[in-house]
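Have a look at my_file29.txt below; it lists compact mmCIF, C-alpha atoms and all ligand atoms.
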# COMPACT_ATOMS: atom_id res chain seq x y z
CA MET A 1 -69.56 -166.42 27.03
CA THR A 2 -72.59 -164.36 27.96
CA LEU A 3 -75.70 -164.22 25.84
CA ARG A 4 -78.56 -161.75 25.90
CA THR A 5 -81.13 -164.41 25.13
CA LEU A 6 -80.15 -167.17 27.57
CA THR A 7 -79.22 -167.16 31.22
CA PRO A 8 -75.87 -168.74 32.10
CA ALA A 9 -77.76 -171.70 33.59
CA GLU A 10 -79.81 -172.19 30.43
CA LEU A 11 -76.74 -171.93 28.25
CA SER A 12 -74.95 -174.47 30.39
CA THR A 13 -77.92 -176.87 30.17
CA LEU A 14 -78.06 -176.40 26.40
CA LEU A 15 -74.37 -177.22 26.03
CA VAL A 16 -74.55 -180.31 28.24
CA ARG A 17 -77.56 -181.71 26.38
CA LEU A 18 -76.10 -180.82 23.03
CA SER A 19 -72.86 -182.60 23.80
CA GLU A 20 -74.84 -185.70 24.81
CA ARG A 21 -76.62 -185.66 21.46
CA VAL A 22 -73.83 -184.87 19.05
CA SER A 23 -70.70 -186.33 20.65
CA ILE A 24 -69.68 -189.67 19.21
CA VAL A 25 -66.82 -190.45 21.57
CA GLY A 26 -65.87 -188.92 24.89
CA GLU A 27 -62.44 -187.61 24.01
CA GLY A 28 -63.04 -183.86 24.07
CA PHE A 29 -65.20 -182.90 21.14
CA VAL A 30 -63.25 -184.83 18.56
CA GLY A 31 -66.11 -186.93 17.26
CA LEU A 32 -69.19 -184.90 16.49
CA ARG A 33 -72.27 -185.95 14.65
CA CYS A 34 -73.56 -182.84 12.96
CA ASP A 35 -76.11 -182.32 10.24
CA GLY A 36 -74.86 -178.82 9.53
CA ASP A 37 -77.86 -177.16 11.08
CA LEU A 38 -79.19 -176.19 14.48
CA MET A 39 -81.90 -178.84 14.72
CA GLN A 40 -80.68 -180.39 17.98
CA THR A 41 -80.14 -176.95 19.47
CA ARG A 42 -83.69 -175.94 18.54
CA ARG A 43 -85.14 -179.12 20.02
CA ILE A 44 -83.27 -178.62 23.28
CA LEU A 45 -84.42 -175.00 23.48
CA GLU A 46 -88.01 -176.14 22.93
CA SER A 47 -87.59 -178.71 25.69
CA LEU A 48 -86.46 -175.89 27.97
CA GLY A 49 -89.84 -174.25 27.37
CA LYS A 50 -88.79 -171.61 24.86
CA THR A 51 -91.46 -170.38 22.49
CA PRO A 52 -90.85 -170.47 18.72
CA GLY A 53 -90.28 -166.72 18.80
CA GLU A 54 -87.72 -167.03 21.57
CA VAL A 55 -85.97 -169.89 19.79
CA ARG A 56 -85.66 -167.67 16.72
CA TRP A 57 -83.97 -164.91 18.72
CA ILE A 58 -81.68 -167.33 20.51
CA VAL A 59 -80.63 -168.97 17.25
CA ALA A 60 -79.93 -165.54 15.77
CA GLU A 61 -77.66 -164.72 18.68
CA LEU A 62 -75.92 -168.08 18.51
CA ARG A 63 -75.09 -167.35 14.88
CA GLU A 64 -73.71 -163.95 15.87
CA VAL A 65 -71.18 -165.68 18.11
CA GLY A 66 -70.23 -168.27 15.50
CA GLY A 67 -72.66 -171.11 16.17
CA TYR A 68 -74.03 -171.87 12.73
CA CYS A 69 -74.66 -175.55 13.43
CA ASP A 70 -74.92 -177.84 16.46
CA CYS A 71 -71.23 -178.70 16.61
CA GLU A 72 -70.17 -175.07 16.21
CA VAL A 73 -72.40 -174.05 19.09
CA LEU A 74 -70.59 -176.62 21.22
CA GLN A 75 -67.14 -175.63 20.03
CA ASN A 76 -67.60 -171.87 20.10
CA LEU A 77 -69.70 -171.56 23.24
CA GLY A 78 -68.59 -174.56 25.21
CA ALA A 79 -64.83 -174.25 24.92
CA GLY A 80 -62.73 -172.74 27.63
CA ASP A 81 -65.27 -172.73 30.43
CA PRO A 82 -65.76 -176.38 31.27
CA ASP A 83 -67.00 -176.10 34.83
CA ASP A 84 -68.84 -172.81 34.56
CA ASP A 85 -66.51 -171.23 37.07
CA PRO A 86 -67.73 -167.68 37.79
CA ASP A 87 -64.28 -166.15 37.94
CA GLU A 88 -64.95 -163.56 35.27
CA LEU A 89 -67.46 -161.44 37.11
CA ALA A 90 -67.81 -158.06 35.49
ZN ZN B 1 -71.56 -178.70 12.61
Using structure tokens, write down the structure from this file.
Amino acid sequence: MTLRTLTPAELSTLLVRLSERVSIVGEGFVGLRCDGDLMQTRRILESLGKTPGEVRWIVAELREVGGYCDCEVLQNLGAGDPDDDPDELA
């Protein structure tokens, strides 16, 4: 998954921190605590130094790729690339 609004490193940091916050148990992403919004995602982005304007753009892009809430961001952006292996170089 490549985003226009986040570098691969930032995306990877976001997903790691998000999984720490919303995962209930460590078996894959079976147990997720989700409020149905992107509050945790927004907080993590702010902690990465993103401005409110940047957070708005990033959230818009996350929704484009199917991340309408914290757990969907994890499931739709985190799946299938667990160790960030750069074997899909364009
Ligand atoms: Zn959710």
Query raised in the report: Residues at most 7 Å from Tyr68 (chain A), counting all atoms listed in the file, excluding those fewer than 2 positions away in the same chain, as a ChimeraX atom specification?
Result: /A:37-38,63,66,72-73
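Atom pair CA of Ile24 (chain A) / CA of Cys71 (chain A): separated by 11.4 Å.
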Using only C-alpha atoms and all ligand atoms, find each residue in chain A having at least one atom no more than 12 Å away from ligand ZN 1 (chain B); report its shortest atom-to-atom pair and that distance in Å (one decimal), rows by chain then rising number, as a tab-separated table.
residue	atom	partner	partner_atom	distance
A:Leu18	CA	B:ZN1	ZN	11.6
A:Ser19	CA	B:ZN1	ZN	11.9
A:Val22	CA	B:ZN1	ZN	9.2
A:Ser23	CA	B:ZN1	ZN	11.1
A:Phe29	CA	B:ZN1	ZN	11.4
A:Val30	CA	B:ZN1	ZN	11.9
A:Gly31	CA	B:ZN1	ZN	10.9
A:Leu32	CA	B:ZN1	ZN	7.7
A:Arg33	CA	B:ZN1	ZN	7.6
A:Cys34	CA	B:ZN1	ZN	4.6
A:Asp35	CA	B:ZN1	ZN	6.3
A:Gly36	CA	B:ZN1	ZN	4.5
A:Asp37	CA	B:ZN1	ZN	6.7
A:Leu38	CA	B:ZN1	ZN	8.2
A:Met39	CA	B:ZN1	ZN	10.6
A:Gln40	CA	B:ZN1	ZN	10.7
A:Thr41	CA	B:ZN1	ZN	11.1
A:Gly66	CA	B:ZN1	ZN	10.9
A:Gly67	CA	B:ZN1	ZN	8.5
A:Tyr68	CA	B:ZN1	ZN	7.3
A:Cys69	CA	B:ZN1	ZN	4.5
A:Asp70	CA	B:ZN1	ZN	5.2
A:Cys71	CA	B:ZN1	ZN	4.0
A:Glu72	CA	B:ZN1	ZN	5.3
A:Val73	CA	B:ZN1	ZN	8.0
A:Leu74	CA	B:ZN1	ZN	8.9
A:Gln75	CA	B:ZN1	ZN	9.2
A:Asn76	CA	B:ZN1	ZN	10.9
Residue selection dump (C-alpha atoms) as a short mmCIF file (atom, residue, chain, number, x, y, z; two decimals), in the coordinates of the input:
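Below is the file that was written, again.cif:
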data_model
loop_
_atom_site.label_atom_id
_atom_site.label_comp_id
_atom_site.auth_asym_id
_atom_site.auth_seq_id
_atom_site.Cartn_x
_atom_site.Cartn_y
_atom_site.Cartn_z
CA LEU A 18 -76.10 -180.82 23.03
CA SER A 19 -72.86 -182.60 23.80
CA VAL A 22 -73.83 -184.87 19.05
CA SER A 23 -70.70 -186.33 20.65
CA PHE A 29 -65.20 -182.90 21.14
CA VAL A 30 -63.25 -184.83 18.56
CA GLY A 31 -66.11 -186.93 17.26
CA LEU A 32 -69.19 -184.90 16.49
CA ARG A 33 -72.27 -185.95 14.65
CA CYS A 34 -73.56 -182.84 12.96
CA ASP A 35 -76.11 -182.32 10.24
CA GLY A 36 -74.86 -178.82 9.53
CA ASP A 37 -77.86 -177.16 11.08
CA LEU A 38 -79.19 -176.19 14.48
CA MET A 39 -81.90 -178.84 14.72
CA GLN A 40 -80.68 -180.39 17.98
CA THR A 41 -80.14 -176.95 19.47
CA GLY A 66 -70.23 -168.27 15.50
CA GLY A 67 -72.66 -171.11 16.17
CA TYR A 68 -74.03 -171.87 12.73
CA CYS A 69 -74.66 -175.55 13.43
CA ASP A 70 -74.92 -177.84 16.46
CA CYS A 71 -71.23 -178.70 16.61
CA GLU A 72 -70.17 -175.07 16.21
CA VAL A 73 -72.40 -174.05 19.09
CA LEU A 74 -70.59 -176.62 21.22
CA GLN A 75 -67.14 -175.63 20.03
CA ASN A 76 -67.60 -171.87 20.10
#
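Taking CA of Trp57 (chain A) and CA of Glu20 (chain A) as endpoints, the distance between them is 23.5 Å.
The nearest approach to Glu61 (chain A) among the residues A:Leu3, A:Ala9, A:Leu15, A:Leu45, with only C-alpha atoms taken into account, belongs to A:Leu3.
Candidate residues A:Leu77, A:Ile44, A:Arg56, A:Lys50 were compared for distance to Thr13 (chain A), and the nearest is A:Ile44, using all atoms listed in the file.
Of the listed residues (A:Thr2, A:Glu54, A:Gly78, A:Ala60), A:Gly78 comes nearest to Arg17 (chain A); the distances count all atoms listed in the file.
CA of Arg21 (chain A) sits 24.4 Å away from CA of Arg4 (chain A).
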